[in-house]
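Everything below concerns the one structure shown next.
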Amino acid sequence: ALDIVREAGLLKDKAYIDGAWVGADDGGDFPVLDPATGREIGRVPNMGAAETRRAIDAAAAAWPAWRARTAKDRAAVLRRWYGLIMDNQEALAVLMTAEQGKPLGEARGEIAYGASFVEWFAEEGKRLYGEVVPAHGTDKRILTLREPIGVVAAITPWNFPSAMITRKVAPALAAGCPVVLKPAEDTPLSALALVELAERAGLPKGLINVVTTHEAKAVGGEMTANPIVRKLSFTGSTEVGKILMAQCAGTVKKVSLELGGNAPFIVFDDADLEAAVAGAIASKYRNAGQTCVCANRLYVQEGIYEAFTEKLKAKVEAMRVGPALEGDVQQGPLINKKGLDKVDGLVRDALDKGATAVLGGKVHALGGTFYEPTILTGVTAAMRMATEEIFGPVAPLYRFSTEAEAIALANATRFGLAAYFYTRDIGRVWRVAEGLEYGIVGINEGIISTESAPFGGVKESGIGREGSRHGIDDFVEIKYLCMGGI
Ligand code: ADP
């Protein structure tokens with residue numbers, strides 16, 4: 001199945017520093033496994049602090065020439081990169097499915113979604129306008145410039161092995177910044193393939209460096225301690241995000257954090273039932289439930305609870321589970337054994353405390369890291385999954401009676417990334433949308449990601465926004481010029 005990837009020259013076994021494909025200093029490497037089969041699909045270098053330091057130095061050296069170019073010039077390189085990603089969509093999708101496990105259709109979708117950030121920020125880079133501000137004296141003039149912040153360190157997760165990279169790297173490059181990237185240890189191959197295409201697009205050396213490792217701490221330690229790095233952009237767990245934020249305090253780096261969520265999905269009695277079920281499935285079961293915006297708590301109003309449960313069950317029952325490279329499936333494996341154990345532990349806890357599995361509820365008969373598409377009813381706030389991110393194909397249904405109760409329940413979490421609700425009452429649409437303490441709200445809609453909208457969370461879900469015209473701000477500093485004696 002990987003032939004298409006090899007033929008395209010996109011199966012790499014080296015990291016990429018200063019425009020060269022390189023191994024670890026000590027020659028060490030680690031395997032990348034297909035989560036559907038457990039088979040090794042490649043090996044990549046296991047790098048540490050020394051290689052990271054070299055990558056940071058290479059980025060710093062590449063910066064002056066890149067920032068001196070016109071925005072239009074930088075955009076031309078990004079446009080070529082976008083074109084090459086789309087030309088190789090199928091090979092990149094197969095590679096992603098092989099190392100990550102998501103269904104091929106979803107992988108193709110992610111390649112296009114990831115590429116869209118490159119296209120988008122190629123354009124946005126041209127619009128980093130400054131300002132002329134009315135001055136505080138007749139002999140003065142005030143101007144602002146928006147300048148690239150400098151060397152960016154990026155750390156990305158395995159659930160979107162391509163899009164989480166382009167969403168950071170594209171705005172950084174467009175703004176005039178070089179990047180040192182550490183992809184997730186489970187999915188480094190998609191990152192390396194992207195960089196191969198950036199090289200073919202003519203991106204000068206040193207502007208993207210990829211440090212592969214399965215010792216994240218050492219690489220993250222150097223990235224956060226090194227004073228040359230001016231900005232850390234991280235997507236991953238809240239737990240690790242807090243550690244990195246603390247580590248960045250030592251050199252006062254600007255941080256962008258896209259962290260965990262605990263998304264409520266509220267279905268009111270007056271909702272379009274068909275649409276609510278379709279939205280719940282899209283939001284919950286995409287990527288086997290392994291996204292930070294997946295519905296994590298489904299609150300269903302009492303008048304519609306039984307009907308919703310029945311319809312949801314009928315649809316989810318029909319989903320096919322299996323290895324995504326071997327056929328048409330809607331759900332692949334979970335990423336690894338640790339992920340599987342977490343999901344199963346949360347389900348066991350809920351069942352022990354009185355929830356009912358109306359569908360699934362255990363490890364799939366296929367074995368490995370496959371988990372049954374699961375629906376639990378009678379879930380309560382006392383169960384662990386009410387406050388923890390499940391990251392698996394498990395839909396817990398909670399019952400509520402009033403609008404005010406639904407808002408209060410939805411907000412009763414330290415997270416605040418995405419929330420969803422279904423209703424056909426226009427007044428309620430406004431009240432609930434304004435009442436939810438979240439960065440993203442889907443209203444009669446279960447899929448909210450697009451390059452043109454600002455993605456990001458409040459509370460412990462993060463800092464900053466990615467995508468949209470705001471997504472480039474995180475890589476820019478404002479400089480104020482005060483001109484006197486006029
Ligand atoms: P998940 O539980 O989804 O794997 P993590 O937050 O553990 O989320 O991982 C997201 C990214 O953070 C990965 O690239 C991982 O290697 C990296 N990471 C994990 N721990 C650290 C750390 N201490 N320092 C730097 N990076 C880390």
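Ordering of the structure tokens sets the chain letters (A, B, ...); residue numbers start at 1 within each chain; ligands are numbered from 1 in the order shown.
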With only C-alpha atoms counted and 12 Å as the cut-off, give the residues of segment 196-311 of chain A in contact with segment 61-76 of chain A, each with its shortest interatomic distance in Å and the pair that gives it, as a Markdown table.
```
| residue | atom | partner | partner_atom | distance |
| --- | --- | --- | --- | --- |
| A:Ala198 | CA | A:Ala76 | CA | 11.9 |
| A:Ala201 | CA | A:Ala76 | CA | 9.2 |
| A:Gly202 | CA | A:Ala76 | CA | 9.6 |
| A:Leu203 | CA | A:Arg74 | CA | 8.8 |
| A:Pro204 | CA | A:Ala62 | CA | 7.8 |
| A:Lys205 | CA | A:Ala62 | CA | 7.0 |
| A:Gly206 | CA | A:Ala62 | CA | 5.3 |
| A:Leu207 | CA | A:Ala62 | CA | 6.0 |
| A:Ile208 | CA | A:Ala62 | CA | 9.5 |
| A:Asn209 | CA | A:Ala62 | CA | 10.8 |
| A:Ile228 | CA | A:Ala61 | CA | 10.7 |
| A:Val229 | CA | A:Trp63 | CA | 11.8 |
```
| message | As a quick test: using only C-alpha atoms and all ligand atoms, which residues lie no more than 7 Å away from ligand 1? Give them as a list of chain:residue names. | response |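 Counting only C-alpha atoms and all ligand atoms, the residues within 7 Å of ligand 1 come out as A:Ile155, A:Thr156, A:Pro157, A:Trp158, A:Lys182, A:Pro183, A:Ala184, A:Glu185, A:His214, A:Ala216, A:Lys217, A:Val219, A:Gly220, A:Gly221, A:Thr235, A:Gly236, A:Ser237, A:Thr238, A:Glu239, A:Val240, A:Gly241, A:Ile243, A:Leu244.
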| said: Neighbouring residues of Lys253 of chain A were defined as those with any atom within 7 Å, considering only C-alpha atoms; residues of the same chain fewer than 2 positions away were excluded. Please report them as a VMD selection string. | reply: chain A and resid 230 to 232 248 to 249 251 255
Write a file of the just-selected residues containing N, CA and C atoms, as a compact mmCIF listing (two decimals), in the first residue's frame.
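Below is the file result-v4.txt, written as the result:
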```
# COMPACT_ATOMS: atom_id res chain seq x y z
N ARG A 230 11.92 32.67 20.03
CA ARG A 230 11.12 33.77 20.56
C ARG A 230 9.66 33.41 20.76
N LYS A 231 9.29 32.21 20.25
CA LYS A 231 7.87 31.89 20.26
C LYS A 231 7.71 30.38 20.25
N LEU A 232 6.82 29.87 21.10
CA LEU A 232 6.49 28.45 21.09
C LEU A 232 5.03 28.30 20.70
N CYS A 248 8.73 28.12 29.37
CA CYS A 248 8.95 29.32 28.54
C CYS A 248 9.07 30.58 29.38
N ALA A 249 8.63 30.52 30.62
CA ALA A 249 8.68 31.71 31.48
C ALA A 249 10.11 32.19 31.67
N THR A 251 12.58 32.53 29.72
CA THR A 251 13.07 33.46 28.70
C THR A 251 11.93 34.31 28.12
N VAL A 255 3.75 32.48 23.82
CA VAL A 255 3.26 31.10 23.62
C VAL A 255 1.88 31.10 22.99
```
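Restricting the calculation to only C-alpha atoms, the smallest distance between Ala408 of chain A and any of A:Phe391, A:Phe308, A:Tyr129, A:Tyr299 is found for A:Tyr299.
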| note | With distances taken over only C-alpha atoms, the candidate from A:Ala60, A:Val132, A:Ala193, A:Ala115 nearest Arg6 of chain A is A:Ala193
| task | Apply DSSP to the structure's backbone, then extract all residues of segment 2-216 of chain A labelled helix (DSSP H, G or I) and return them as a VMD selection string. | result | chain A and resid 3 to 7 49 to 68 71 to 87 89 to 100 104 to 127 163 to 175 188 to 200 216
| query | Near Leu366 of chain A, within 12 Å and counting only C-alpha atoms, which residues show up once chain neighbours fewer than 2 positions away are dropped, as a ChimeraX atom specification? | reply | /A:36-37,320-323,332-333,362-364,368-372
| query | How many Å lie between atom CA of Ala153 of chain A and atom CA of Ser233 of chain A, rounded to one decimal? | reply |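 Spanning atom CA of Ala153 of chain A to atom CA of Ser233 of chain A is a straight-line distance of 6.3 Å.
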| query | Could you name the residues that touch segment 348-357 of chain A at 12 Å or less, counting only C-alpha atoms, but leaving out those on the same chain fewer than 3 positions away, as a ChimeraX atom specification? | reply | /A:309,313,341-345,360-363,372-388,390,394-398
| task | One decimal, Å: what's the distance from atom CA of Pro161 of chain A over to atom CA of Glu119 of chain A, could you say? | result |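 Atom CA of Glu119 of chain A lies 18.0 Å from atom CA of Pro161 of chain A.
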| query | atom CA of Met164 of chain A and atom CA of Ala433 of chain A are how many Å apart? | reply |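 About the pair atom CA of Met164 of chain A and atom CA of Ala433 of chain A: they are 26.6 Å apart.
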